[in-house]
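Each remark here refers to the structure printed beneath this line.
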Amino acid sequence: MRKNIVAGNWKMNLSHKEALSLYDSLKTNSNEMDKHTTVIVAPPSIYLSEFSKNKNEKIKLAAQNCSENENGAFTGEISASMLQSIGVEYCLVGHSERRAYFNETNELLKHKVEALLAKAITPIYCFGEVLKERESGNHFEVVKAQVSEALFHLSAEAISKIVLAYEPVWAIGTGKTASPDQAQEMHQFVRRLLSDKYGEAVAKEISILYGGSCKPTNAKELFANQDVDGGLIGGAALKAETFIPVINGF
Ligand code: PGA
């Protein structure tokens with residue numbers, strides 16, 4: 001059975017003191033978190049090493065990005081092997097903010113995914129259409145390209161190790177959530193793409209998360225959908241009081 005996962009993306013937020021305090025309060029309250037849900041936090045990378053040394057069994061760590069290169073003269077970058085060396089288990093790949101502000105393309109993301117898999121770090125591959133694409137009815141085509149161009153060169157064994165996150169860009173940080181039906185429709189579409197390419201047995205084992213203004217008041221109805229296996233949470237992940245109820249939204 002595929003996993004239920006709730007991941008918190010802290011983005012470029014929180015001072016060292018604030019980040020430690022949030023991490024501590026999540027750890028202190030980890031016994032309140034649904035036992036069957038994998039919980040992940042993705043703090044700014046500068047905090048990862050310290051968090052990793054004070055890890056809690058329940059809360060896994062993710063980076064928000066990594067380089068597609070192995071090592072060398074790439075000032076400012078962090079490699080998959082560096083993440084592996086401090087015990088980071090997951091990494092976001094292709095978040096819409098990275099696609100929009102750092103020009104990340106499907107072709108580049110393909111290499112990031114490979115770099116992570118080579119170090120046994122689970123990529124959380126993000127994709128989703130912008131408002132214009134949805135309004136013009138192109139959202140399925142856009143998502144199909146994002147998923148197939150970055151991932152469909154992988155073997156069935158490799159793709160089984162990936163987590164997917166559908167994040168319609170118009171819903172991120174806007175307070176405007178996709179309806180449960182819109183989320184289910186896209187998740188089902190993506191699972192069908194996976195199934196057509198890799199077969200049903202592989203497709204049904206891959207977790208597909210929803211992201212975009214997911215919060216305590218809507219997590220339950222989103223997670224209740226058959227093909228929605230959890231969430232990638234931004235704003236609501238910045239406070240234990242809002243993140244924990246989302247974790248418990250199944
Ligand atoms: P949001 O962000 O929950 O603040 O909309 C989600 C994300 O960008 O991962």
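Order determines the names: the first chain of the structure tokens is A, the second B, and so forth; residues in each chain are numbered 1 upward, and ligands are numbered 1 upward as they are shown.
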Neighbours of Arg191 in chain A within 12 Å (only C-alpha atoms; same-chain residues fewer than 6 positions away dropped), as a list in words?
Val143, Lys144, Val147, Ser148, Val163, Leu164, Ala165, Tyr166, Gln184, Glu185, Lys197, Tyr198, Gly199, Glu200, Ala201, Val202, Ala203, Lys204, Glu205, Ile206, Ser207, Ile208, Leu209, Gln226, Asp227, Val228 and Asp229 of chain A
Run DSSP on the backbone and tell me which residues of range 24-235 of chain A come out as strand (DSSP E or B); list them as a VMD selection string.
chain A and resid 37 to 42 56 59 to 63 90 to 93 122 to 127 163 to 166 208 to 211 230 to 233
Residues as selected, C-alpha atoms, written as a short mmCIF file (atom, residue, chain, number, x, y, z; two decimals), in the first residue's frame, can you do that?
```cif
data_model
loop_
_atom_site.label_atom_id
_atom_site.label_comp_id
_atom_site.auth_asym_id
_atom_site.auth_seq_id
_atom_site.Cartn_x
_atom_site.Cartn_y
_atom_site.Cartn_z
CA THR A 37 1.24 9.15 8.13
CA THR A 38 4.83 9.88 7.14
CA VAL A 39 5.69 13.38 8.34
CA ILE A 40 8.38 15.42 6.62
CA VAL A 41 9.69 18.93 7.15
CA ALA A 42 11.73 20.91 4.63
CA ASN A 56 13.00 12.50 16.04
CA ILE A 59 9.73 13.58 11.59
CA LYS A 60 11.81 13.06 8.46
CA LEU A 61 13.90 15.80 6.89
CA ALA A 62 13.79 17.15 3.36
CA ALA A 63 15.86 19.73 1.53
CA TYR A 90 13.92 13.58 0.99
CA CYS A 91 14.34 16.56 -1.33
CA LEU A 92 11.80 18.75 -3.13
CA VAL A 93 12.42 18.97 -6.85
CA THR A 122 13.66 10.40 -2.23
CA PRO A 123 12.76 13.17 -4.67
CA ILE A 124 9.41 14.86 -4.05
CA TYR A 125 8.75 15.94 -7.62
CA CYS A 126 6.45 18.99 -7.87
CA PHE A 127 4.39 20.00 -10.88
CA VAL A 163 6.90 10.95 -4.42
CA LEU A 164 4.82 13.25 -6.61
CA ALA A 165 3.23 16.54 -5.59
CA TYR A 166 0.55 18.24 -7.67
CA ILE A 208 0.71 11.72 -5.03
CA LEU A 209 0.44 14.71 -2.69
CA TYR A 210 -1.67 17.82 -3.16
CA GLY A 211 -0.27 21.29 -2.42
CA GLY A 230 -1.40 13.61 1.46
CA GLY A 231 -0.18 17.15 1.14
CA LEU A 232 2.73 19.48 0.58
CA ILE A 233 2.03 22.34 2.93
#
```
When the cut-off is 7 Å and you count only C-alpha atoms and all ligand atoms, which residues lie near ligand 1, shown as a PDB file with N, CA, C and O atoms, in the first residue's frame?
```
ATOM      1  N   ASN A   9       6.727  22.570   3.789  1.00  0.00           N
ATOM      2  CA  ASN A   9       7.761  23.325   3.073  1.00  0.00           C
ATOM      3  C   ASN A   9       7.861  24.707   3.710  1.00  0.00           C
ATOM      4  O   ASN A   9       6.973  25.535   3.530  1.00  0.00           O
ATOM      5  N   GLU A 167       0.806  20.629  -7.477  1.00  0.00           N
ATOM      6  CA  GLU A 167       0.596  21.935  -6.865  1.00  0.00           C
ATOM      7  C   GLU A 167       0.161  22.933  -7.934  1.00  0.00           C
ATOM      8  O   GLU A 167       1.011  23.558  -8.592  1.00  0.00           O
ATOM      9  N   ALA A 171      -3.049  28.078  -6.785  1.00  0.00           N
ATOM     10  CA  ALA A 171      -3.525  27.785  -5.425  1.00  0.00           C
ATOM     11  C   ALA A 171      -2.437  27.981  -4.376  1.00  0.00           C
ATOM     12  O   ALA A 171      -2.702  27.937  -3.176  1.00  0.00           O
ATOM     13  N   ILE A 172      -1.193  28.211  -4.818  1.00  0.00           N
ATOM     14  CA  ILE A 172      -0.080  28.295  -3.864  1.00  0.00           C
ATOM     15  C   ILE A 172      -0.010  29.668  -3.216  1.00  0.00           C
ATOM     16  O   ILE A 172       0.154  30.680  -3.897  1.00  0.00           O
ATOM     17  N   GLY A 173      -0.172  29.673  -1.889  1.00  0.00           N
ATOM     18  CA  GLY A 173      -0.047  30.913  -1.132  1.00  0.00           C
ATOM     19  C   GLY A 173      -1.138  31.922  -1.432  1.00  0.00           C
ATOM     20  O   GLY A 173      -1.037  33.086  -1.049  1.00  0.00           O
ATOM     21  N   THR A 174      -2.182  31.497  -2.119  1.00  0.00           N
ATOM     22  CA  THR A 174      -3.217  32.449  -2.534  1.00  0.00           C
ATOM     23  C   THR A 174      -4.479  32.338  -1.681  1.00  0.00           C
ATOM     24  O   THR A 174      -5.365  33.170  -1.777  1.00  0.00           O
ATOM     25  N   GLY A 175      -4.551  31.284  -0.879  1.00  0.00           N
ATOM     26  CA  GLY A 175      -5.766  31.052  -0.100  1.00  0.00           C
ATOM     27  C   GLY A 175      -6.839  30.395  -0.961  1.00  0.00           C
ATOM     28  O   GLY A 175      -7.912  30.027  -0.488  1.00  0.00           O
ATOM     29  N   GLY A 211      -0.764  20.087  -3.094  1.00  0.00           N
ATOM     30  CA  GLY A 211      -0.274  21.290  -2.422  1.00  0.00           C
ATOM     31  C   GLY A 211      -0.924  22.532  -2.996  1.00  0.00           C
ATOM     32  O   GLY A 211      -1.208  22.608  -4.195  1.00  0.00           O
ATOM     33  N   GLY A 212      -1.147  23.503  -2.135  1.00  0.00           N
ATOM     34  CA  GLY A 212      -1.756  24.765  -2.563  1.00  0.00           C
ATOM     35  C   GLY A 212      -2.840  25.169  -1.584  1.00  0.00           C
ATOM     36  O   GLY A 212      -3.956  24.662  -1.664  1.00  0.00           O
ATOM     37  N   SER A 213      -2.470  26.031  -0.625  1.00  0.00           N
ATOM     38  CA  SER A 213      -3.416  26.518   0.385  1.00  0.00           C
ATOM     39  C   SER A 213      -4.137  25.392   1.125  1.00  0.00           C
ATOM     40  O   SER A 213      -5.315  25.517   1.463  1.00  0.00           O
ATOM     41  N   CYS A 214      -3.424  24.317   1.358  1.00  0.00           N
ATOM     42  CA  CYS A 214      -3.987  23.217   2.151  1.00  0.00           C
ATOM     43  C   CYS A 214      -3.818  23.580   3.625  1.00  0.00           C
ATOM     44  O   CYS A 214      -2.746  24.002   4.049  1.00  0.00           O
ATOM     45  N   LEU A 232       1.505  18.684   0.452  1.00  0.00           N
ATOM     46  CA  LEU A 232       2.732  19.479   0.583  1.00  0.00           C
ATOM     47  C   LEU A 232       2.257  20.856   1.037  1.00  0.00           C
ATOM     48  O   LEU A 232       1.510  21.533   0.322  1.00  0.00           O
ATOM     49  N   ILE A 233       2.656  21.213   2.241  1.00  0.00           N
ATOM     50  CA  ILE A 233       2.029  22.339   2.930  1.00  0.00           C
ATOM     51  C   ILE A 233       3.011  23.487   3.085  1.00  0.00           C
ATOM     52  O   ILE A 233       4.115  23.279   3.597  1.00  0.00           O
ATOM     53  N   GLY A 234       2.618  24.680   2.686  1.00  0.00           N
ATOM     54  CA  GLY A 234       3.472  25.854   2.848  1.00  0.00           C
ATOM     55  C   GLY A 234       3.087  26.627   4.095  1.00  0.00           C
ATOM     56  O   GLY A 234       3.491  26.291   5.209  1.00  0.00           O
ATOM     57  N   GLY A 235       2.265  27.637   3.936  1.00  0.00           N
ATOM     58  CA  GLY A 235       1.886  28.532   5.038  1.00  0.00           C
ATOM     59  C   GLY A 235       1.475  27.814   6.318  1.00  0.00           C
ATOM     60  O   GLY A 235       1.943  28.159   7.418  1.00  0.00           O
ATOM     61  N   ALA A 236       0.623  26.807   6.188  1.00  0.00           N
ATOM     62  CA  ALA A 236       0.107  26.123   7.388  1.00  0.00           C
ATOM     63  C   ALA A 236       1.163  25.242   8.062  1.00  0.00           C
ATOM     64  O   ALA A 236       0.943  24.729   9.161  1.00  0.00           O
TER      65      ALA A 236
END
```
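Among the candidates A:Ala178, A:Ile5, A:Val113, A:Leu20, the residue lying nearest to Met33 in chain A is A:Ile5 (atoms considered: only C-alpha atoms).
Nearest to Glu32 in chain A of all the residues A:Lys58, A:Glu149, A:Leu154, A:Ser85 is A:Lys58, based on only C-alpha atoms.
The gap separating CA of Phe223 in chain A from CA of Arg192 in chain A is 18.7 Å, in Å to one decimal.
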Report as a PDB file with N, CA, C and O atoms, in the first residue's frame all protein, DNA and RNA residues lying within 7 Å of range 76-80 of chain A, evaluated on only C-alpha atoms, omitting residues in the same chain fewer than 2 positions from it.
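After the write, part.pdb holds the following:
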```pdb
ATOM      1  N   CYS A  66      18.316  20.807  -4.554  1.00  0.00           N
ATOM      2  CA  CYS A  66      19.724  20.409  -4.581  1.00  0.00           C
ATOM      3  C   CYS A  66      20.257  20.592  -5.992  1.00  0.00           C
ATOM      4  O   CYS A  66      19.482  20.784  -6.935  1.00  0.00           O
ATOM      5  N   SER A  67      21.562  20.525  -6.124  1.00  0.00           N
ATOM      6  CA  SER A  67      22.187  20.682  -7.440  1.00  0.00           C
ATOM      7  C   SER A  67      22.022  19.406  -8.260  1.00  0.00           C
ATOM      8  O   SER A  67      21.942  18.314  -7.704  1.00  0.00           O
ATOM      9  N   ASN A  69      24.447  18.677 -10.166  1.00  0.00           N
ATOM     10  CA  ASN A  69      25.855  18.278 -10.315  1.00  0.00           C
ATOM     11  C   ASN A  69      26.338  17.522  -9.084  1.00  0.00           C
ATOM     12  O   ASN A  69      25.865  17.747  -7.981  1.00  0.00           O
ATOM     13  N   GLU A  70      27.343  16.693  -9.309  1.00  0.00           N
ATOM     14  CA  GLU A  70      27.829  15.856  -8.209  1.00  0.00           C
ATOM     15  C   GLU A  70      28.666  16.622  -7.203  1.00  0.00           C
ATOM     16  O   GLU A  70      28.530  16.462  -5.997  1.00  0.00           O
ATOM     17  N   ASN A  71      29.593  17.446  -7.710  1.00  0.00           N
ATOM     18  CA  ASN A  71      30.439  18.280  -6.842  1.00  0.00           C
ATOM     19  C   ASN A  71      31.239  19.219  -7.746  1.00  0.00           C
ATOM     20  O   ASN A  71      31.137  19.132  -8.954  1.00  0.00           O
ATOM     21  N   PHE A  74      30.631  25.051  -8.209  1.00  0.00           N
ATOM     22  CA  PHE A  74      29.254  25.521  -8.414  1.00  0.00           C
ATOM     23  C   PHE A  74      28.876  26.351  -7.184  1.00  0.00           C
ATOM     24  O   PHE A  74      28.123  25.895  -6.310  1.00  0.00           O
ATOM     25  N   MET A  82      26.026  15.679  -0.269  1.00  0.00           N
ATOM     26  CA  MET A  82      26.105  16.443   0.991  1.00  0.00           C
ATOM     27  C   MET A  82      24.850  16.211   1.832  1.00  0.00           C
ATOM     28  O   MET A  82      24.922  16.029   3.045  1.00  0.00           O
ATOM     29  N   LEU A  83      23.713  16.206   1.155  1.00  0.00           N
ATOM     30  CA  LEU A  83      22.454  15.957   1.891  1.00  0.00           C
ATOM     31  C   LEU A  83      22.487  14.554   2.493  1.00  0.00           C
ATOM     32  O   LEU A  83      22.141  14.356   3.660  1.00  0.00           O
ATOM     33  N   GLN A  84      22.926  13.608   1.691  1.00  0.00           N
ATOM     34  CA  GLN A  84      23.005  12.225   2.176  1.00  0.00           C
ATOM     35  C   GLN A  84      23.946  12.134   3.377  1.00  0.00           C
ATOM     36  O   GLN A  84      23.653  11.448   4.353  1.00  0.00           O
ATOM     37  N   ALA A 115      20.277  12.705  -9.754  1.00  0.00           N
ATOM     38  CA  ALA A 115      21.331  12.942  -8.762  1.00  0.00           C
ATOM     39  C   ALA A 115      20.870  12.476  -7.375  1.00  0.00           C
ATOM     40  O   ALA A 115      21.637  11.868  -6.617  1.00  0.00           O
ATOM     41  N   LEU A 116      19.605  12.727  -7.061  1.00  0.00           N
ATOM     42  CA  LEU A 116      19.076  12.331  -5.751  1.00  0.00           C
ATOM     43  C   LEU A 116      18.931  10.820  -5.644  1.00  0.00           C
ATOM     44  O   LEU A 116      19.334  10.210  -4.650  1.00  0.00           O
ATOM     45  N   LYS A 119      21.881   8.875  -4.774  1.00  0.00           N
ATOM     46  CA  LYS A 119      22.312   8.932  -3.369  1.00  0.00           C
ATOM     47  C   LYS A 119      21.222   8.415  -2.431  1.00  0.00           C
ATOM     48  O   LYS A 119      21.223   8.701  -1.226  1.00  0.00           O
TER      49      LYS A 119
END
```
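As for CA of Glu50 in chain A and CA of Lys239 in chain A, they are spaced 19.4 Å apart.
Nearest residue to Leu222 in chain A among A:Phe51, A:Trp170, A:Phe250, A:Phe152 is A:Phe250, counting only C-alpha atoms.
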Just list as a PyMOL selection string whatever in range 23-244 of chain A DSSP marks as helix (DSSP H, G or I).
chain A and resi 23-28+30-32+45-53+80-85+96-101+106-118+131-135+139-151+156-159+169-171+180-198+200-203+219-223+235-238+240-244
File of the preceding selection, C-alpha atoms, as an mmCIF file, in the first residue's frame:
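This is the output file selection-v9.cif:
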```cif
data_model
loop_
_atom_site.group_PDB
_atom_site.id
_atom_site.type_symbol
_atom_site.label_atom_id
_atom_site.label_comp_id
_atom_site.auth_asym_id
_atom_site.auth_seq_id
_atom_site.Cartn_x
_atom_site.Cartn_y
_atom_site.Cartn_z
ATOM 1 C CA TYR A 23 11.090 21.946 15.140
ATOM 2 C CA ASP A 24 11.126 21.420 18.918
ATOM 3 C CA SER A 25 7.417 21.900 19.229
ATOM 4 C CA LEU A 26 6.765 19.424 16.397
ATOM 5 C CA LYS A 27 9.032 16.901 18.100
ATOM 6 C CA THR A 28 7.402 17.444 21.495
ATOM 7 C CA SER A 30 4.953 14.061 17.622
ATOM 8 C CA ASN A 31 2.999 11.541 19.694
ATOM 9 C CA GLU A 32 -0.177 13.397 18.636
ATOM 10 C CA SER A 45 19.008 24.052 4.113
ATOM 11 C CA ILE A 46 21.154 26.016 6.568
ATOM 12 C CA TYR A 47 19.227 24.346 9.429
ATOM 13 C CA LEU A 48 19.254 20.775 8.134
ATOM 14 C CA SER A 49 22.488 19.603 9.719
ATOM 15 C CA GLU A 50 21.522 20.742 13.203
ATOM 16 C CA PHE A 51 18.018 19.269 12.892
ATOM 17 C CA SER A 52 19.454 16.019 11.662
ATOM 18 C CA LYS A 53 21.661 15.688 14.734
ATOM 19 C CA ALA A 80 22.809 15.269 -3.138
ATOM 20 C CA SER A 81 25.828 13.591 -1.542
ATOM 21 C CA MET A 82 26.105 16.443 0.991
ATOM 22 C CA LEU A 83 22.454 15.957 1.891
ATOM 23 C CA GLN A 84 23.005 12.225 2.176
ATOM 24 C CA SER A 85 26.064 12.756 4.390
ATOM 25 C CA SER A 96 6.834 26.055 -8.918
ATOM 26 C CA GLU A 97 8.805 28.873 -7.281
ATOM 27 C CA ARG A 98 12.031 27.296 -8.540
ATOM 28 C CA ARG A 99 10.532 26.816 -11.985
ATOM 29 C CA ALA A 100 9.325 30.438 -12.066
ATOM 30 C CA TYR A 101 12.180 32.354 -10.382
ATOM 31 C CA ASN A 106 11.773 19.702 -16.990
ATOM 32 C CA GLU A 107 15.096 18.804 -18.623
ATOM 33 C CA LEU A 108 17.105 20.194 -15.693
ATOM 34 C CA LEU A 109 14.797 18.573 -13.149
ATOM 35 C CA LYS A 110 15.343 15.216 -14.774
ATOM 36 C CA HIS A 111 19.015 15.509 -13.782
ATOM 37 C CA LYS A 112 18.186 16.608 -10.230
ATOM 38 C CA VAL A 113 15.957 13.567 -9.822
ATOM 39 C CA GLU A 114 18.757 11.315 -11.055
ATOM 40 C CA ALA A 115 21.331 12.942 -8.762
ATOM 41 C CA LEU A 116 19.076 12.331 -5.751
ATOM 42 C CA LEU A 117 18.176 8.758 -6.634
ATOM 43 C CA ALA A 118 21.881 7.977 -7.039
ATOM 44 C CA LEU A 131 -3.943 29.928 -13.863
ATOM 45 C CA LYS A 132 -3.804 30.822 -17.547
ATOM 46 C CA GLU A 133 -3.148 27.206 -18.465
ATOM 47 C CA ARG A 134 -6.120 26.007 -16.429
ATOM 48 C CA GLU A 135 -8.408 28.712 -17.802
ATOM 49 C CA HIS A 139 -3.759 21.937 -17.584
ATOM 50 C CA PHE A 140 -3.737 18.226 -18.400
ATOM 51 C CA GLU A 141 -1.271 18.710 -21.269
ATOM 52 C CA VAL A 142 1.015 20.884 -19.110
ATOM 53 C CA VAL A 143 1.041 18.364 -16.282
ATOM 54 C CA LYS A 144 1.581 15.478 -18.677
ATOM 55 C CA ALA A 145 4.678 17.225 -20.082
ATOM 56 C CA GLN A 146 6.034 18.094 -16.635
ATOM 57 C CA VAL A 147 5.676 14.525 -15.406
ATOM 58 C CA SER A 148 6.738 12.656 -18.525
ATOM 59 C CA GLU A 149 9.662 14.872 -19.578
ATOM 60 C CA ALA A 150 11.332 14.788 -16.169
ATOM 61 C CA LEU A 151 10.488 11.255 -15.059
ATOM 62 C CA ALA A 156 9.914 1.121 -13.068
ATOM 63 C CA GLU A 157 12.105 0.403 -10.071
ATOM 64 C CA ALA A 158 13.430 3.976 -9.970
ATOM 65 C CA ILE A 159 10.091 5.704 -10.411
ATOM 66 C CA VAL A 169 0.334 27.368 -9.089
ATOM 67 C CA TRP A 170 -2.855 29.450 -8.790
ATOM 68 C CA ALA A 171 -3.525 27.785 -5.425
ATOM 69 C CA PRO A 180 -11.493 18.164 -3.800
ATOM 70 C CA ASP A 181 -12.920 17.226 -7.223
ATOM 71 C CA GLN A 182 -10.293 19.239 -9.116
ATOM 72 C CA ALA A 183 -7.533 17.645 -7.038
ATOM 73 C CA GLN A 184 -8.898 14.116 -7.470
ATOM 74 C CA GLU A 185 -9.386 14.630 -11.211
ATOM 75 C CA MET A 186 -5.740 15.638 -11.722
ATOM 76 C CA HIS A 187 -4.336 13.007 -9.356
ATOM 77 C CA GLN A 188 -6.318 10.314 -11.148
ATOM 78 C CA PHE A 189 -5.066 11.635 -14.500
ATOM 79 C CA VAL A 190 -1.441 11.440 -13.292
ATOM 80 C CA ARG A 191 -1.928 7.952 -11.886
ATOM 81 C CA ARG A 192 -3.325 6.901 -15.260
ATOM 82 C CA LEU A 193 -0.235 8.326 -17.002
ATOM 83 C CA LEU A 194 1.938 6.289 -14.635
ATOM 84 C CA SER A 195 -0.169 3.228 -15.207
ATOM 85 C CA ASP A 196 -0.040 3.549 -19.017
ATOM 86 C CA LYS A 197 3.727 3.836 -18.896
ATOM 87 C CA TYR A 198 4.676 1.483 -16.039
ATOM 88 C CA GLU A 200 -1.038 -0.531 -12.715
ATOM 89 C CA ALA A 201 0.969 -2.285 -10.008
ATOM 90 C CA VAL A 202 3.667 0.418 -10.116
ATOM 91 C CA ALA A 203 1.189 3.319 -10.456
ATOM 92 C CA ALA A 219 -7.186 18.920 4.538
ATOM 93 C CA LYS A 220 -9.796 16.281 5.427
ATOM 94 C CA GLU A 221 -11.906 16.718 2.304
ATOM 95 C CA LEU A 222 -8.827 16.816 0.079
ATOM 96 C CA PHE A 223 -7.186 13.751 1.656
ATOM 97 C CA GLY A 235 1.886 28.532 5.038
ATOM 98 C CA ALA A 236 0.107 26.123 7.388
ATOM 99 C CA ALA A 237 3.382 24.268 8.043
ATOM 100 C CA LEU A 238 4.913 27.291 9.756
ATOM 101 C CA ALA A 240 2.666 23.442 14.926
ATOM 102 C CA GLU A 241 -0.980 24.383 15.722
ATOM 103 C CA THR A 242 -1.879 24.372 12.032
ATOM 104 C CA PHE A 243 0.553 21.730 10.738
ATOM 105 C CA ILE A 244 -0.416 18.959 13.175
#
```
